[in-house]
Each structure stands twice: as structure tokens, then as C-alpha cells.
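**Q** Right, I'll just put the structure down here and ask away after.
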Amino acid sequence: HVVFILATTNPEKIPPTITSRCQVLEFKNISSEGIANRLREICITEGFDINDEALLKIAKKASGGLRDALSILEQVIRYTGGEVTAQAVDEALGLVSEEIVSKFVDAILEGDLHTVLDITEKVYIERGDYDTFLNQLIEYSLEKRNSLMITLSMEFFEIMKELKYAEEKLLIAKLLFTSLVEKLRSAVQQKSEKGISVSDISKQFTEKETKNIVK
């Protein structure tokens with residue numbers, strides 16, 4: 001007997017005439033904790049000096065794939081040549097530090113436009129793009145799991161789409177983030193004047209996004 005094993009990350013591209021003759025086994029993503037634990041075992045065996053914070057950062061970046069996590073680990077170890085810290089992972093992968101990400105989101109929520117524009121410019125100067133930074137902003141917002149932050153993550157996603165093909169990325173990014181700050185500031189002002197709840201603010205944002213999508 002001959003058994004053919006077909007592995008793909010795009011099952012939707014396989015014709016029905018083939019899938020109808022296959023036994024389909026869908027593999028689930030591994031949890032970040034599970035990947036971090038496996039990477040820790042490998043590092044201990046190989047004698048690599050890496051802390052738990054760095055391992056978890058690599059695991060999250062791998063998005064559930066152990067093979068991707070191993071590739072990232074190898075890349076980071078080559079980059080550092082020695083001790084691997086969370087900061088070293090950021091530098092090796094072109095990530096913005098979690099401290100900056102948190103500070104940026106807080107500045108947007110507080111209406112601190114000066115800090116928002118300052119970080120926007122620094123990120124572009126250091127990274128040359130916003131894809132990774134915006135991905136981090138989306139992940140950070142979703143982790144908070146409240147309606148306002150989830151809505152904010154949608155705003156960041158819209159900004160990412162706007163910047164994807166923009167030629168003057170720094171200028172456009174400043175305009176888009178300024179618009180977001182003003183939008184949130186206006187919603188908060190309405191809340192203070194009319195007693196609107198946080199969920200109403202997020203609903204207000206969501207309705208605007210829905211209208212934009214329909215257009």
C-alpha cells in the first residue's frame with residue numbers, strides 16, 4: 001500500500017475533487033506557553049542563555065507555530081551571539097519595546113498628541129516602516145479585552161491598511177494618528193457632557209467604521 005500525505009497551510013486552494021477523497025486532519029496552533037516551554041527545553045539542552053520573558057516574546061511572535069518559533073530563536077541567537085534578553089529579541093526582530101507600545105496607546109487614550117507624534121516619528125526613523133509597530137499595537141489592544149481597546153485595535157488595523165501603499169508614510173501616519181486622537185478626544189468630551197459610557201464611545205467608533213466599509 002502507498003499512502004500519500006498532503007500538507008498545506010492553504011486548504012481552501014485544494015480542489016473539492018481531491019479533498020473529497022482525503023481524510024482531513026486539521027492541526028491546531030500551539031499555545032504561546034507550550035511553545036515557550038519547548039524552547040526552554042531546547043535552550044537548556046543546547047546551553048543557550050535566555051530568560052523567560054524573551055522566550056515568551058518569541059513564542060508570541062511565532063503565532064502558534066513551533067517551526068516558526070525555532071527559526072526565530074535561531075535568528076535571535078545568531079544576532080546576539082550570547083545572552084538573549086527580551087530587549088535583544090526586540091532588536092533582532094525589529095520590534096518596538098512593549099514599554100513604547102504601552103506609552104503610545106496611553107498617549108492616544110489621554111489625548112497627548114505631542115507624545116503620539118514624537119513616538120510616530122521615532123518609530124519611522126528607527127524602523128523605516130509601521131507594519132510591525134501597528135501589529136504590536138493591535139495585539140496589545142486585543143490583549144486588554146475591553147470594548148474600547150478592541151475598538152482601538154480596529155482603528156489601528158484601518159491605519160495599517162491606509163499606510164500599506166502610502167508613499168509619504170511618515171506624513172500620512174502623523175495625519176492618521178492625529179485624526180484618531182481627535183476622534184477619541186471628541187468622543188470623550190461628548191461623554192463628559194452627556195454622560196455617555198465607554199461602551200457607547202466604542203459603539204460610536206464601530207458605527208463609523210461600518211459606514212466606511214459600506215462606502
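Residues in the C-alpha cells are numbered from 1 in each chain, the chains being A, B, ... in the order shown, and ligands are numbered from 1 in the order shown.
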As a PDB file with C-alpha atoms, in the first residue's frame, please: the residues near Ser63 of chain A (cut-off 12 Å, only C-alpha atoms, same-chain neighbours under 4 positions excluded).

**A**
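Heads up, here's the output in result-v9.pdb:
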```pdb
ATOM      1  CA  LYS A  28      -4.272  23.296  15.894  1.00  0.00           C
ATOM      2  CA  ASN A  29      -1.872  26.069  16.795  1.00  0.00           C
ATOM      3  CA  ILE A  30       0.241  25.525  19.892  1.00  0.00           C
ATOM      4  CA  SER A  31      -0.276  27.901  22.820  1.00  0.00           C
ATOM      5  CA  SER A  32       2.398  30.521  23.500  1.00  0.00           C
ATOM      6  CA  GLU A  33       3.099  28.882  26.857  1.00  0.00           C
ATOM      7  CA  GLY A  34       3.536  25.479  25.202  1.00  0.00           C
ATOM      8  CA  ILE A  35       5.967  26.874  22.640  1.00  0.00           C
ATOM      9  CA  ALA A  36       7.912  28.757  25.317  1.00  0.00           C
ATOM     10  CA  LEU A  56       7.532  34.200  25.662  1.00  0.00           C
ATOM     11  CA  LYS A  57       8.143  37.085  23.260  1.00  0.00           C
ATOM     12  CA  ILE A  58       9.500  34.649  20.656  1.00  0.00           C
ATOM     13  CA  ALA A  59       6.565  32.288  21.253  1.00  0.00           C
ATOM     14  CA  ARG A  67       8.751  25.621  13.448  1.00  0.00           C
ATOM     15  CA  ASP A  68       8.488  29.406  13.157  1.00  0.00           C
ATOM     16  CA  ALA A  69       9.473  29.752  16.818  1.00  0.00           C
ATOM     17  CA  ILE A  72      13.093  32.953  15.272  1.00  0.00           C
ATOM     18  CA  GLU A 139      -2.051  42.693  19.672  1.00  0.00           C
TER      19      GLU A 139
END
```

**Q** Report as JSON, numbers by chain all protein, DNA and RNA residues lying within 9 Å of Leu55 of chain A, evaluated on only C-alpha atoms, omitting residues in the same chain fewer than 2 positions from it.

**A** {"A": [35, 36, 37, 39, 40, 50, 51, 52, 53, 57, 58, 59, 60, 73, 84, 85, 86, 89]}

**Q** Can you tell me, as a compact mmCIF listing (two decimals) with N, CA and C atoms, in the first residue's frame, what residues are no more than 12 Å from Leu175 of chain A when counting only C-alpha atoms, ignoring any on the same chain fewer than 5 positions away?

**A**
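Output file out-v9.txt follows:
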```txt
# COMPACT_ATOMS: atom_id res chain seq x y z
N LEU A 113 -1.21 64.44 22.16
CA LEU A 113 -0.81 64.45 20.75
C LEU A 113 0.70 64.61 20.58
N VAL A 116 2.28 61.22 21.01
CA VAL A 116 1.88 60.36 19.88
C VAL A 116 2.73 60.67 18.65
N LEU A 117 2.87 61.95 18.31
CA LEU A 117 3.64 62.34 17.12
C LEU A 117 5.13 62.10 17.32
N THR A 120 5.61 58.39 16.89
CA THR A 120 5.37 58.09 15.47
C THR A 120 6.61 58.38 14.64
N GLU A 121 7.25 59.51 14.90
CA GLU A 121 8.45 59.89 14.15
C GLU A 121 9.64 59.00 14.51
N ILE A 159 -5.66 51.98 10.01
CA ILE A 159 -4.47 52.80 9.75
C ILE A 159 -3.41 51.97 9.02
N GLU A 162 -4.29 51.84 5.43
CA GLU A 162 -4.05 53.14 4.79
C GLU A 162 -2.58 53.34 4.48
N LEU A 163 -1.72 52.87 5.38
CA LEU A 163 -0.27 53.09 5.24
C LEU A 163 0.42 52.09 4.32
N GLU A 168 4.36 58.68 1.23
CA GLU A 168 4.88 59.50 2.33
C GLU A 168 4.38 58.93 3.65
N LYS A 169 4.97 57.81 4.07
CA LYS A 169 4.45 57.07 5.22
C LYS A 169 4.48 57.90 6.51
N LEU A 170 5.57 58.62 6.75
CA LEU A 170 5.68 59.39 7.99
C LEU A 170 4.61 60.46 8.06
N LEU A 180 -7.03 60.10 14.79
CA LEU A 180 -7.51 59.15 15.80
C LEU A 180 -7.57 59.80 17.17
N VAL A 181 -6.54 60.57 17.52
CA VAL A 181 -6.53 61.26 18.81
C VAL A 181 -7.70 62.23 18.90
N GLU A 182 -7.93 62.99 17.84
CA GLU A 182 -9.02 63.96 17.83
C GLU A 182 -10.37 63.27 17.89
```

**Q** Go ahead and compute the interatomic distance for atom CA of Val3 of chain A and atom CA of Gly65 of chain A, in Å to one decimal.

**A**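 Computed distance, atom CA of Val3 of chain A to atom CA of Gly65 of chain A, equals 25.5 Å.
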
**Q** Taking only C-alpha atoms into account, which of A:Pro11, A:Gln87, A:Thr178, A:Ile138 comes nearest Glu26 of chain A?

**A**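 Using only C-alpha atoms, Glu26 of chain A sits closest to A:Pro11.
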
**Q** Step one, run DSSP on the backbone; step two, keep only residues of segment 2-104 of chain A assigned to alpha helix (DSSP H); then write them as a ChimeraX atom specification.

**A** /A:16-19,32-46,52-61,66-80,86-93,98-104

**Q** Give me, as a tab-separated table, each residue of segment 43-130 of chain A that comes within 12 Å of segment 148-152 of chain A, together with its shortest interatomic pair and the distance in Å at one decimal, counting only C-alpha atoms, with rows ordered by chain and rising residue number.

**A**
```
residue	atom	partner	partner_atom	distance
A:Val105	CA	A:Leu152	CA	9.0
A:Asp106	CA	A:Met149	CA	10.8
A:Ile108	CA	A:Leu152	CA	9.6
A:Leu109	CA	A:Leu152	CA	9.3
```

**Q** For a test of reading the model, state the distance in Å between atom CA of Gln136 of chain A and atom CA of Lys103 of chain A, rounded to one decimal.

**A** 12.5 Å

**Q** Which residue is closest to Met160 of chain A? Choose from A:Leu184, A:Phe133, A:Val2, A:Leu70 and count only C-alpha atoms.

**A** A:Phe133

**Q** Could you check the closest approach to Thr132 of chain A for each of A:Glu167, A:Asp90, A:Asp49, A:Glu155 and tell me which residue wins, using only C-alpha atoms?

**A**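 Closest to Thr132 of chain A, using only C-alpha atoms: A:Asp90.
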
**Q** In Å, how far is it from atom CA of Ile100 of chain A to atom CA of Glu126 of chain A?

**A**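 Going from atom CA of Ile100 of chain A over to atom CA of Glu126 of chain A covers 12.8 Å.
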